[in-house]
file data_34.cif (mmCIF, C-alpha atoms and all ligand atoms)
data_run
loop_
_atom_site.label_atom_id
_atom_site.label_comp_id
_atom_site.auth_asym_id
_atom_site.auth_seq_id
_atom_site.Cartn_x
_atom_site.Cartn_y
_atom_site.Cartn_z
CA MET A 21 -63.41 25.08 -17.18
CA LYS A 22 -65.65 27.80 -15.74
CA PRO A 23 -63.76 31.10 -15.45
CA ILE A 24 -63.13 32.45 -11.98
CA LEU A 25 -63.17 36.06 -13.15
CA GLU A 26 -64.91 37.59 -16.17
CA LEU A 27 -64.68 41.17 -17.39
CA LYS A 28 -67.26 42.07 -19.98
CA ASN A 29 -66.96 45.34 -21.92
CA ILE A 30 -65.55 47.34 -19.01
CA SER A 31 -65.10 51.08 -19.46
CA TYR A 32 -64.07 53.66 -16.89
CA SER A 33 -63.43 57.42 -16.82
CA TYR A 34 -62.17 59.70 -14.07
CA HIS A 35 -64.07 62.94 -13.60
CA THR A 36 -62.17 65.84 -12.06
CA PRO A 37 -62.73 69.61 -12.07
CA GLU A 38 -60.17 69.75 -14.91
CA GLY A 39 -62.23 67.41 -17.06
CA GLU A 40 -62.75 63.81 -17.97
CA THR A 41 -59.95 61.22 -18.37
CA GLN A 42 -61.05 58.01 -20.01
CA ALA A 43 -58.87 55.25 -18.57
CA LEU A 44 -60.43 52.00 -19.84
CA SER A 45 -62.40 51.27 -22.97
CA ASP A 46 -64.35 48.08 -23.65
CA ILE A 47 -62.09 45.66 -21.77
CA THR A 48 -63.12 42.01 -22.06
CA PHE A 49 -61.20 38.98 -20.79
CA SER A 50 -61.57 36.09 -18.38
CA LEU A 51 -59.31 34.10 -16.06
CA ALA A 52 -59.47 30.33 -15.61
CA PRO A 53 -58.90 28.89 -12.11
CA GLY A 54 -55.23 28.39 -11.22
CA GLU A 55 -53.99 30.50 -14.10
CA PHE A 56 -51.30 33.16 -13.77
CA THR A 57 -52.05 36.14 -16.01
CA ALA A 58 -49.91 39.25 -16.47
CA VAL A 59 -51.16 42.62 -17.70
CA VAL A 60 -48.67 44.86 -19.50
CA GLY A 61 -49.16 48.22 -21.17
CA PRO A 62 -47.68 51.68 -21.54
CA SER A 63 -47.26 53.72 -18.37
CA GLY A 64 -50.46 55.60 -17.49
CA CYS A 65 -52.66 53.47 -19.77
CA GLY A 66 -55.01 52.34 -17.00
CA LYS A 67 -53.49 49.17 -15.47
CA SER A 68 -53.95 50.20 -11.83
CA THR A 69 -57.44 51.42 -12.62
CA LEU A 70 -58.24 47.96 -13.96
CA LEU A 71 -57.04 46.28 -10.75
CA SER A 72 -58.95 48.74 -8.56
CA LEU A 73 -62.15 47.85 -10.42
CA ILE A 74 -61.52 44.12 -10.02
CA ALA A 75 -60.72 44.63 -6.34
CA GLY A 76 -64.14 46.27 -6.01
CA LEU A 77 -62.59 49.58 -4.87
CA MET A 78 -64.32 51.43 -7.73
CA LYS A 79 -67.30 50.65 -9.92
CA PRO A 80 -67.09 50.38 -13.73
CA GLU A 81 -68.87 53.04 -15.74
CA SER A 82 -70.23 50.38 -18.03
CA GLY A 83 -69.78 46.65 -18.39
CA GLU A 84 -69.82 43.84 -15.90
CA ILE A 85 -67.31 42.07 -13.64
CA LEU A 86 -68.21 38.58 -12.49
CA LEU A 87 -66.44 36.55 -9.82
CA ASN A 88 -67.43 32.88 -10.09
CA GLY A 89 -70.32 33.91 -12.30
CA GLU A 90 -71.70 36.44 -9.83
CA PRO A 91 -71.44 40.23 -9.79
CA LEU A 92 -68.62 41.56 -7.64
CA THR A 93 -69.56 42.74 -4.20
CA GLU A 94 -67.59 45.49 -2.49
CA ASN A 95 -64.48 44.41 -0.57
CA SER A 96 -64.85 40.75 -1.44
CA SER A 97 -62.74 38.70 0.95
CA ARG A 98 -62.30 36.24 -1.90
CA ILE A 99 -59.85 38.66 -3.49
CA GLY A 100 -56.34 39.28 -2.11
CA TYR A 101 -54.35 42.38 -3.07
CA MET A 102 -50.56 42.73 -3.07
CA LEU A 103 -49.09 46.14 -3.76
CA GLN A 104 -45.80 47.79 -4.67
CA HIS A 105 -45.13 48.61 -1.03
CA ASP A 106 -45.51 45.76 1.38
CA HIS A 107 -47.35 47.86 4.01
CA LEU A 108 -45.95 45.84 6.89
CA PHE A 109 -46.45 47.62 10.21
CA GLU A 110 -43.15 48.36 11.90
CA TRP A 111 -44.67 48.26 15.37
CA ARG A 112 -45.85 44.67 14.89
CA THR A 113 -43.63 41.59 14.73
CA VAL A 114 -43.49 39.62 11.47
CA TYR A 115 -45.88 37.04 12.93
CA ARG A 116 -48.37 39.69 14.06
CA ASN A 117 -48.20 41.32 10.64
CA VAL A 118 -48.92 38.00 8.96
CA VAL A 119 -52.01 37.30 11.10
CA LEU A 120 -53.38 40.83 10.66
CA GLY A 121 -56.09 39.80 8.17
CA PRO A 122 -57.69 37.07 10.30
CA GLU A 123 -57.30 39.35 13.36
CA ILE A 124 -59.27 42.11 11.64
CA ASN A 125 -62.02 39.91 10.26
CA GLY A 126 -62.34 37.97 13.50
CA SER A 127 -61.17 34.63 12.16
CA LEU A 128 -57.95 34.37 14.17
CA ASN A 129 -58.16 31.02 15.93
CA GLU A 130 -55.98 27.99 16.60
CA GLU A 131 -56.31 26.85 13.00
CA THR A 132 -55.28 30.15 11.40
CA ARG A 133 -52.44 30.58 13.93
CA GLN A 134 -51.14 27.13 13.04
CA LYS A 135 -51.45 27.85 9.34
CA ALA A 136 -49.51 31.10 9.80
CA GLU A 137 -46.73 29.26 11.60
CA GLU A 138 -46.62 26.57 8.90
CA MET A 139 -46.41 29.13 6.12
CA LEU A 140 -43.67 31.10 7.89
CA LYS A 141 -41.73 27.84 8.19
CA GLN A 142 -42.44 26.77 4.60
CA TYR A 143 -41.26 30.11 3.22
CA GLY A 144 -38.13 30.36 5.37
CA LEU A 145 -39.31 33.05 7.78
CA ALA A 146 -39.90 30.99 10.92
CA GLN A 147 -36.82 32.31 12.68
CA PHE A 148 -37.92 35.88 11.95
CA ALA A 149 -41.43 35.46 13.39
CA SER A 150 -40.59 37.63 16.41
CA SER A 151 -38.50 40.14 14.43
CA LYS A 152 -39.65 43.57 13.34
CA PRO A 153 -40.11 44.09 9.57
CA SER A 154 -37.06 46.43 9.48
CA GLU A 155 -34.86 43.44 10.32
CA LEU A 156 -35.89 41.67 7.10
CA SER A 157 -34.44 42.03 3.59
CA GLY A 158 -36.65 43.42 0.81
CA GLY A 159 -37.30 39.90 -0.48
CA MET A 160 -38.22 38.56 2.95
CA ARG A 161 -40.59 41.49 3.48
CA GLN A 162 -42.41 40.63 0.24
CA ARG A 163 -42.62 36.99 1.34
CA ALA A 164 -44.16 38.12 4.64
CA ALA A 165 -46.63 40.33 2.73
CA LEU A 166 -47.54 37.38 0.50
CA ILE A 167 -48.08 35.06 3.47
CA ARG A 168 -50.34 37.71 5.02
CA THR A 169 -52.38 37.75 1.79
CA LEU A 170 -52.45 33.95 1.31
CA LEU A 171 -53.47 33.35 4.92
CA LEU A 172 -56.90 34.76 4.09
CA ASP A 173 -57.14 32.05 1.43
CA PRO A 174 -58.26 34.34 -1.40
CA GLU A 175 -59.54 32.76 -4.60
CA LEU A 176 -57.95 35.45 -6.69
CA LEU A 177 -54.69 37.28 -6.08
CA LEU A 178 -54.21 40.75 -7.54
CA LEU A 179 -50.60 41.91 -7.74
CA ASP A 180 -49.97 45.56 -8.61
CA GLU A 181 -46.26 46.00 -9.50
CA PRO A 182 -45.35 44.18 -6.29
CA PHE A 183 -41.61 44.09 -7.06
CA SER A 184 -41.01 47.54 -8.48
CA ALA A 185 -39.76 49.07 -5.23
CA LEU A 186 -36.86 46.58 -5.15
CA ASP A 187 -33.46 47.11 -6.76
CA TYR A 188 -32.85 45.20 -10.00
CA GLN A 189 -30.83 42.29 -8.61
CA THR A 190 -33.20 41.69 -5.68
CA ARG A 191 -36.16 42.15 -7.95
CA LEU A 192 -35.13 39.28 -10.23
CA ASN A 193 -34.70 36.88 -7.33
CA VAL A 194 -37.80 37.99 -5.48
CA SER A 195 -40.12 37.96 -8.48
CA ASP A 196 -38.98 34.45 -9.41
CA ASP A 197 -39.29 33.33 -5.81
CA ILE A 198 -42.72 34.85 -5.18
CA GLY A 199 -43.94 33.72 -8.61
CA GLN A 200 -42.98 30.15 -7.77
CA ILE A 201 -44.74 30.32 -4.39
CA ILE A 202 -47.92 31.57 -6.06
CA ARG A 203 -47.73 28.81 -8.69
CA ASP A 204 -47.23 26.16 -6.01
CA SER A 205 -50.22 27.55 -4.09
CA GLY A 206 -52.42 26.93 -7.15
CA LYS A 207 -54.05 30.37 -6.77
CA THR A 208 -55.40 32.32 -9.71
CA ALA A 209 -53.23 35.42 -10.05
CA LEU A 210 -53.43 38.65 -12.02
CA LEU A 211 -50.17 40.59 -12.09
CA VAL A 212 -49.83 44.14 -13.37
CA THR A 213 -46.27 44.94 -14.38
CA HIS A 214 -44.34 47.23 -16.70
CA ASP A 215 -41.49 44.69 -16.74
CA LEU A 216 -41.94 42.52 -19.83
CA SER A 217 -39.39 39.92 -18.75
CA GLU A 218 -41.19 39.55 -15.43
CA ALA A 219 -44.44 38.91 -17.33
CA VAL A 220 -42.85 36.31 -19.63
CA SER A 221 -41.10 34.51 -16.79
CA LEU A 222 -44.25 34.20 -14.66
CA ALA A 223 -47.42 34.13 -16.74
CA ASP A 224 -49.57 31.58 -18.58
CA HIS A 225 -51.21 34.44 -20.49
CA ILE A 226 -50.18 38.03 -21.09
CA ILE A 227 -52.83 40.66 -21.68
CA ILE A 228 -51.35 43.52 -23.71
CA LEU A 229 -53.10 46.85 -23.30
CA SER A 230 -52.99 49.78 -25.68
CA GLU A 231 -52.24 53.41 -24.83
CA ARG A 232 -54.88 55.19 -22.69
CA PRO A 233 -57.77 54.62 -22.82
CA ALA A 234 -56.62 51.03 -22.44
CA ARG A 235 -58.12 48.48 -24.79
CA VAL A 236 -57.06 44.85 -25.00
CA SER A 237 -54.75 44.74 -28.00
CA ASP A 238 -53.75 41.09 -27.57
CA ILE A 239 -54.01 38.14 -25.19
CA MET A 240 -50.89 36.06 -25.68
CA PRO A 241 -50.65 32.49 -24.36
CA VAL A 242 -47.18 31.75 -22.97
CA THR A 243 -45.91 28.18 -23.07
CA PHE A 244 -42.41 26.86 -22.57
CA SER A 245 -41.24 23.38 -23.45
CA LEU A 246 -39.42 22.98 -20.15
CA GLU A 247 -39.41 19.82 -18.08
CA ASN A 248 -39.33 21.96 -14.97
CA ASP A 249 -41.24 25.15 -15.83
CA THR A 250 -39.84 27.67 -13.31
CA PRO A 251 -39.42 31.45 -13.73
CA LEU A 252 -35.62 31.08 -13.73
CA GLY A 253 -35.79 28.19 -16.21
CA ARG A 254 -37.89 30.36 -18.52
CA ARG A 255 -35.45 33.26 -18.34
CA ASN A 256 -32.71 30.93 -19.63
CA ALA A 257 -34.84 29.22 -22.31
CA PRO A 258 -34.52 30.09 -26.03
CA GLU A 259 -38.26 30.93 -26.33
CA PHE A 260 -37.89 33.73 -23.78
CA LYS A 261 -36.44 36.26 -26.21
CA ASN A 262 -39.13 35.53 -28.81
CA TYR A 263 -41.93 36.28 -26.37
CA PHE A 264 -40.16 39.41 -25.15
CA ASN A 265 -39.72 40.68 -28.70
CA ARG A 266 -43.31 39.89 -29.71
CA ILE A 267 -44.71 41.86 -26.77
CA TRP A 268 -42.24 44.70 -27.32
CA LYS A 269 -43.33 44.97 -30.95
CA GLU A 270 -47.01 44.85 -30.06
CA LEU A 271 -46.56 47.65 -27.50
CA ASN A 272 -44.51 49.87 -29.81
CA HIS A 273 -46.81 49.27 -32.74
CA HIS A 274 -49.47 51.13 -30.74
CA GLU A 275 -47.27 54.05 -29.71
P1 LIG B 301 -51.17 52.80 -15.04
O1 LIG B 301 -51.40 51.96 -13.83
O2 LIG B 301 -51.26 52.03 -16.32
O3 LIG B 301 -49.90 53.60 -14.98
P2 LIG B 301 -53.47 54.30 -14.04
O4 LIG B 301 -54.58 53.32 -14.02
O5 LIG B 301 -52.78 54.62 -12.76
O6 LIG B 301 -52.37 53.85 -15.15
O7 LIG B 301 -54.00 55.67 -14.67
C1 LIG B 301 -54.67 55.76 -15.91
C2 LIG B 301 -55.01 57.20 -16.23
O8 LIG B 301 -55.99 57.67 -15.32
C3 LIG B 301 -53.83 58.16 -16.11
O9 LIG B 301 -53.93 59.09 -17.15
C4 LIG B 301 -54.03 58.82 -14.78
O10 LIG B 301 -53.49 60.14 -14.79
C5 LIG B 301 -55.53 58.83 -14.64
N1 LIG B 301 -55.92 58.73 -13.22
C6 LIG B 301 -55.57 57.76 -12.36
N2 LIG B 301 -56.13 57.94 -11.15
C7 LIG B 301 -56.84 59.10 -11.24
C8 LIG B 301 -57.67 59.84 -10.34
N3 LIG B 301 -57.86 59.44 -9.08
N4 LIG B 301 -58.25 60.97 -10.81
C9 LIG B 301 -58.07 61.38 -12.08
N5 LIG B 301 -57.33 60.74 -13.00
C10 LIG B 301 -56.71 59.60 -12.58
#
call {"tool": "encode", "arguments": {"input": "data_34.cif", "output": "structure tokens", "more": "lines below"}}
Ligand code: ADP
result
Amino acid sequence: MKPILELKNISYSYHTPEGETQALSDITFSLAPGEFTAVVGPSGCGKSTLLSLIAGLMKPESGEILLNGEPLTENSSRIGYMLQHDHLFEWRTVYRNVVLGPEINGSLNEETRQKAEEMLKQYGLAQFASSKPSELSGGMRQRAALIRTLLLDPELLLLDEPFSALDYQTRLNVSDDIGQIIRDSGKTALLVTHDLSEAVSLADHIIILSERPARVSDIMPVTFSLENDTPLGRRNAPEFKNYFNRIWKELNHHE
């Protein structure tokens, strides 16, 4: 299958008055349509930098990023971005937060309104449509943020530590829940996380990065022999610990 996203020999350095910080070195990988890929690596190795380049917010120093075989253009609407903080606007209702994207890009019409209502219903937020974000739990807020992103129908979803602001208990539930929604949507997703168990429970492939400057030290396929392959099912499966330990070893081997 043709990859949806290709990174070829990407390198990037930050230049500040204090000097140069090389963040990424010769990163090459590709994502197949519908695949869920997680990126793990030591803190400060360059994970967020990688996502910013893919989102088109910065340009690589060298190398090439292709989306559907074509060079990335700035602010591609084909890419959706979900961040650590949900960035819901408190002065807008949940519904008006969800339709913000189409409202901004001028595509808010009967069809997108209907789609927003359907998604709110599907993801259990219909009765909160007129509520303010502060009335929602952390998990519901992330669902609302995800609906806002999915409503723009992106081809590729970038998730930058989207659950790390939540407490541990909520985080487990929300990451499993959101992971399942993304899987069901069939979208291609790239998740940056420092939580290895989150990566193993959600991903088809895990890209393991080295210390800064990040290089790809391994791309690990993740398969579970489960009849019903859900994040929660994976967490309880015997293979889970093996994957966790393999990644842990790989990361510590480089430290
Ligand atoms: P991670 O997401 O893996 O924690 P980042 O991509 O945020 O890592 O950062 C990688 C490295 O680049 C770090 O050493 C960080 O200090 C540096 N860095 C990040 N953003 C900037 C910036 N705007 N200017 C200078 N250095 C930066």
call {"tool": "closest_atom_pairs", "arguments": {"input": "data_34.cif", "of": "chain A", "to": "ligand LIG 301 (chain B)", "cutoff": "7 Å", "atoms": "all atoms listed in the file", "output": "tab-separated table"}}
result
residue	atom	partner	partner_atom	distance
A:Tyr34	CA	B:LIG301	C9	4.9
A:His35	CA	B:LIG301	C9	6.4
A:Thr36	CA	B:LIG301	C9	6.1
A:Thr41	CA	B:LIG301	N5	6.0
A:Gln42	CA	B:LIG301	O8	6.9
A:Ala43	CA	B:LIG301	C2	4.9
A:Gly61	CA	B:LIG301	O2	6.5
A:Pro62	CA	B:LIG301	O2	6.3
A:Ser63	CA	B:LIG301	O3	4.3
A:Gly64	CA	B:LIG301	O3	3.3
A:Cys65	CA	B:LIG301	O2	4.0
A:Gly66	CA	B:LIG301	O4	3.2
A:Lys67	CA	B:LIG301	O2	3.7
A:Ser68	CA	B:LIG301	O1	3.7
A:Thr69	CA	B:LIG301	O4	3.7
A:Leu70	CA	B:LIG301	O4	6.5
A:Arg232	CA	B:LIG301	C2	6.8
call {"tool": "closest_residue", "arguments": {"input": "data_34.cif", "among": "A:Ile99, A:Leu27, A:Ala58, A:Met139", "to": "Pro174 of chain A", "atoms": "all atoms listed in the file"}}
result
A:Ile99
call {"tool": "closest_residue", "arguments": {"input": "data_34.cif", "among": "A:Thr213, A:Ser154, A:Ser50, A:Gln200", "to": "Leu87 of chain A", "atoms": "only C-alpha atoms"}}
result
A:Ser50
call {"tool": "atom_distance", "arguments": {"input": "data_34.cif", "atom1": "atom CA of His273 of chain A", "atom2": "atom CA of Leu71 of chain A"}}
result
24.4 Å
call {"tool": "closest_atom_pairs", "arguments": {"input": "data_34.cif", "of": "segment 170-216 of chain A", "to": "segment 54-57 of chain A", "cutoff": "12 Å", "atoms": "only C-alpha atoms", "output": "JSON lines"}}
result
{"residue": "A:Pro174", "atom": "CA", "partner": "A:Gly54", "partner_atom": "CA", "distance": 11.9}
{"residue": "A:Glu175", "atom": "CA", "partner": "A:Gly54", "partner_atom": "CA", "distance": 9.0}
{"residue": "A:Leu176", "atom": "CA", "partner": "A:Gly54", "partner_atom": "CA", "distance": 8.8}
{"residue": "A:Leu177", "atom": "CA", "partner": "A:Phe56", "partner_atom": "CA", "distance": 9.4}
{"residue": "A:Leu178", "atom": "CA", "partner": "A:Thr57", "partner_atom": "CA", "distance": 9.9}
{"residue": "A:Leu179", "atom": "CA", "partner": "A:Thr57", "partner_atom": "CA", "distance": 10.2}
{"residue": "A:Gly199", "atom": "CA", "partner": "A:Phe56", "partner_atom": "CA", "distance": 9.0}
{"residue": "A:Gln200", "atom": "CA", "partner": "A:Phe56", "partner_atom": "CA", "distance": 10.7}
{"residue": "A:Ile201", "atom": "CA", "partner": "A:Phe56", "partner_atom": "CA", "distance": 11.8}
{"residue": "A:Ile202", "atom": "CA", "partner": "A:Phe56", "partner_atom": "CA", "distance": 8.6}
{"residue": "A:Arg203", "atom": "CA", "partner": "A:Phe56", "partner_atom": "CA", "distance": 7.6}
{"residue": "A:Asp204", "atom": "CA", "partner": "A:Gly54", "partner_atom": "CA", "distance": 9.8}
{"residue": "A:Ser205", "atom": "CA", "partner": "A:Gly54", "partner_atom": "CA", "distance": 8.8}
{"residue": "A:Gly206", "atom": "CA", "partner": "A:Gly54", "partner_atom": "CA", "distance": 5.2}
{"residue": "A:Lys207", "atom": "CA", "partner": "A:Gly54", "partner_atom": "CA", "distance": 5.0}
{"residue": "A:Thr208", "atom": "CA", "partner": "A:Gly54", "partner_atom": "CA", "distance": 4.2}
{"residue": "A:Ala209", "atom": "CA", "partner": "A:Phe56", "partner_atom": "CA", "distance": 4.8}
{"residue": "A:Leu210", "atom": "CA", "partner": "A:Thr57", "partner_atom": "CA", "distance": 4.9}
{"residue": "A:Leu211", "atom": "CA", "partner": "A:Thr57", "partner_atom": "CA", "distance": 6.2}
{"residue": "A:Val212", "atom": "CA", "partner": "A:Thr57", "partner_atom": "CA", "distance": 8.7}
{"residue": "A:Thr213", "atom": "CA", "partner": "A:Thr57", "partner_atom": "CA", "distance": 10.7}
call {"tool": "closest_atom_pairs", "arguments": {"input": "data_34.cif", "of": "segment 135-184 of chain A", "to": "segment 106-129 of chain A", "cutoff": "8 Å", "atoms": "only C-alpha atoms", "output": "tab-separated table"}}
result
residue	atom	partner	partner_atom	distance
A:Ala136	CA	A:Val119	CA	6.8
A:Glu137	CA	A:Tyr115	CA	7.9
A:Phe148	CA	A:Val114	CA	6.7
A:Ala149	CA	A:Tyr115	CA	4.7
A:Ser150	CA	A:Thr113	CA	5.3
A:Ser151	CA	A:Thr113	CA	5.3
A:Lys152	CA	A:Thr113	CA	4.7
A:Pro153	CA	A:Glu110	CA	5.7
A:Ser154	CA	A:Glu110	CA	6.8
A:Arg161	CA	A:Asp106	CA	6.8
A:Gln162	CA	A:Asp106	CA	6.1
A:Ala164	CA	A:Val118	CA	6.4
A:Ala165	CA	A:Asp106	CA	5.7
A:Ile167	CA	A:Val118	CA	6.3
A:Arg168	CA	A:Val118	CA	4.2
A:Thr169	CA	A:Gly121	CA	7.7
A:Leu171	CA	A:Val119	CA	7.5
A:Leu172	CA	A:Gly121	CA	6.5
A:Pro182	CA	A:Asp106	CA	7.8
call {"tool": "residues_near_point", "arguments": {"input": "data_34.cif", "point": "(-29.5, 44.1, 2.5)", "cutoff": "12 Å", "atoms": "all atoms listed in the file", "output": "ChimeraX atom specification"}}
result
/A:154-161,186-187,189-190
call {"tool": "atom_distance", "arguments": {"input": "data_34.cif", "atom1": "atom CA of His225 of chain A", "atom2": "atom CA of Asn248 of chain A"}}
result
18.1 Å
call {"tool": "atom_distance", "arguments": {"input": "data_34.cif", "atom1": "atom CA of Asp196 of chain A", "atom2": "atom CA of Thr250 of chain A"}}
result
7.9 Å
call {"tool": "closest_residue", "arguments": {"input": "data_34.cif", "among": "A:Ile267, A:Met78, A:Leu192, A:Met102", "to": "Val59 of chain A", "atoms": "all atoms listed in the file"}}
result
A:Ile267
call {"tool": "residues_around", "arguments": {"input": "data_34.cif", "residues": "Ile227 of chain A", "least_positions_apart": "5", "cutoff": "7 Å", "atoms": "only C-alpha atoms", "output": "PDB file with C-alpha atoms, in the frame of the given file"}}
result
ATOM      1  CA  ALA A  58     -49.910  39.250 -16.470  1.00  0.00           C
ATOM      2  CA  VAL A  59     -51.160  42.620 -17.700  1.00  0.00           C
ATOM      3  CA  VAL A  60     -48.670  44.860 -19.500  1.00  0.00           C
ATOM      4  CA  VAL A 236     -57.060  44.850 -25.000  1.00  0.00           C
ATOM      5  CA  ASP A 238     -53.750  41.090 -27.570  1.00  0.00           C
ATOM      6  CA  ILE A 239     -54.010  38.140 -25.190  1.00  0.00           C
ATOM      7  CA  MET A 240     -50.890  36.060 -25.680  1.00  0.00           C
TER       8      MET A 240
END
call {"tool": "closest_residue", "arguments": {"input": "data_34.cif", "among": "A:Lys135, A:Glu26, A:Glu40, A:Pro53", "to": "Pro91 of chain A", "atoms": "all atoms listed in the file"}}
result
A:Glu26
call {"tool": "closest_residue", "arguments": {"input": "data_34.cif", "among": "A:Ser230, A:Gln142, A:Gln134, A:Thr243", "to": "Asn262 of chain A", "atoms": "all atoms listed in the file"}}
result
A:Thr243
call {"tool": "axis_aligned_box", "arguments": {"input": "data_34.cif", "around": "segment 131-144 of chain A", "padding_each_side": "4 Å", "output": "lines of an AutoDock Vina configuration file"}}
result
center_x = -47.2
center_y = 28.8
center_z = 8.6
size_x = 26.2
size_y = 12.5
size_z = 18.7
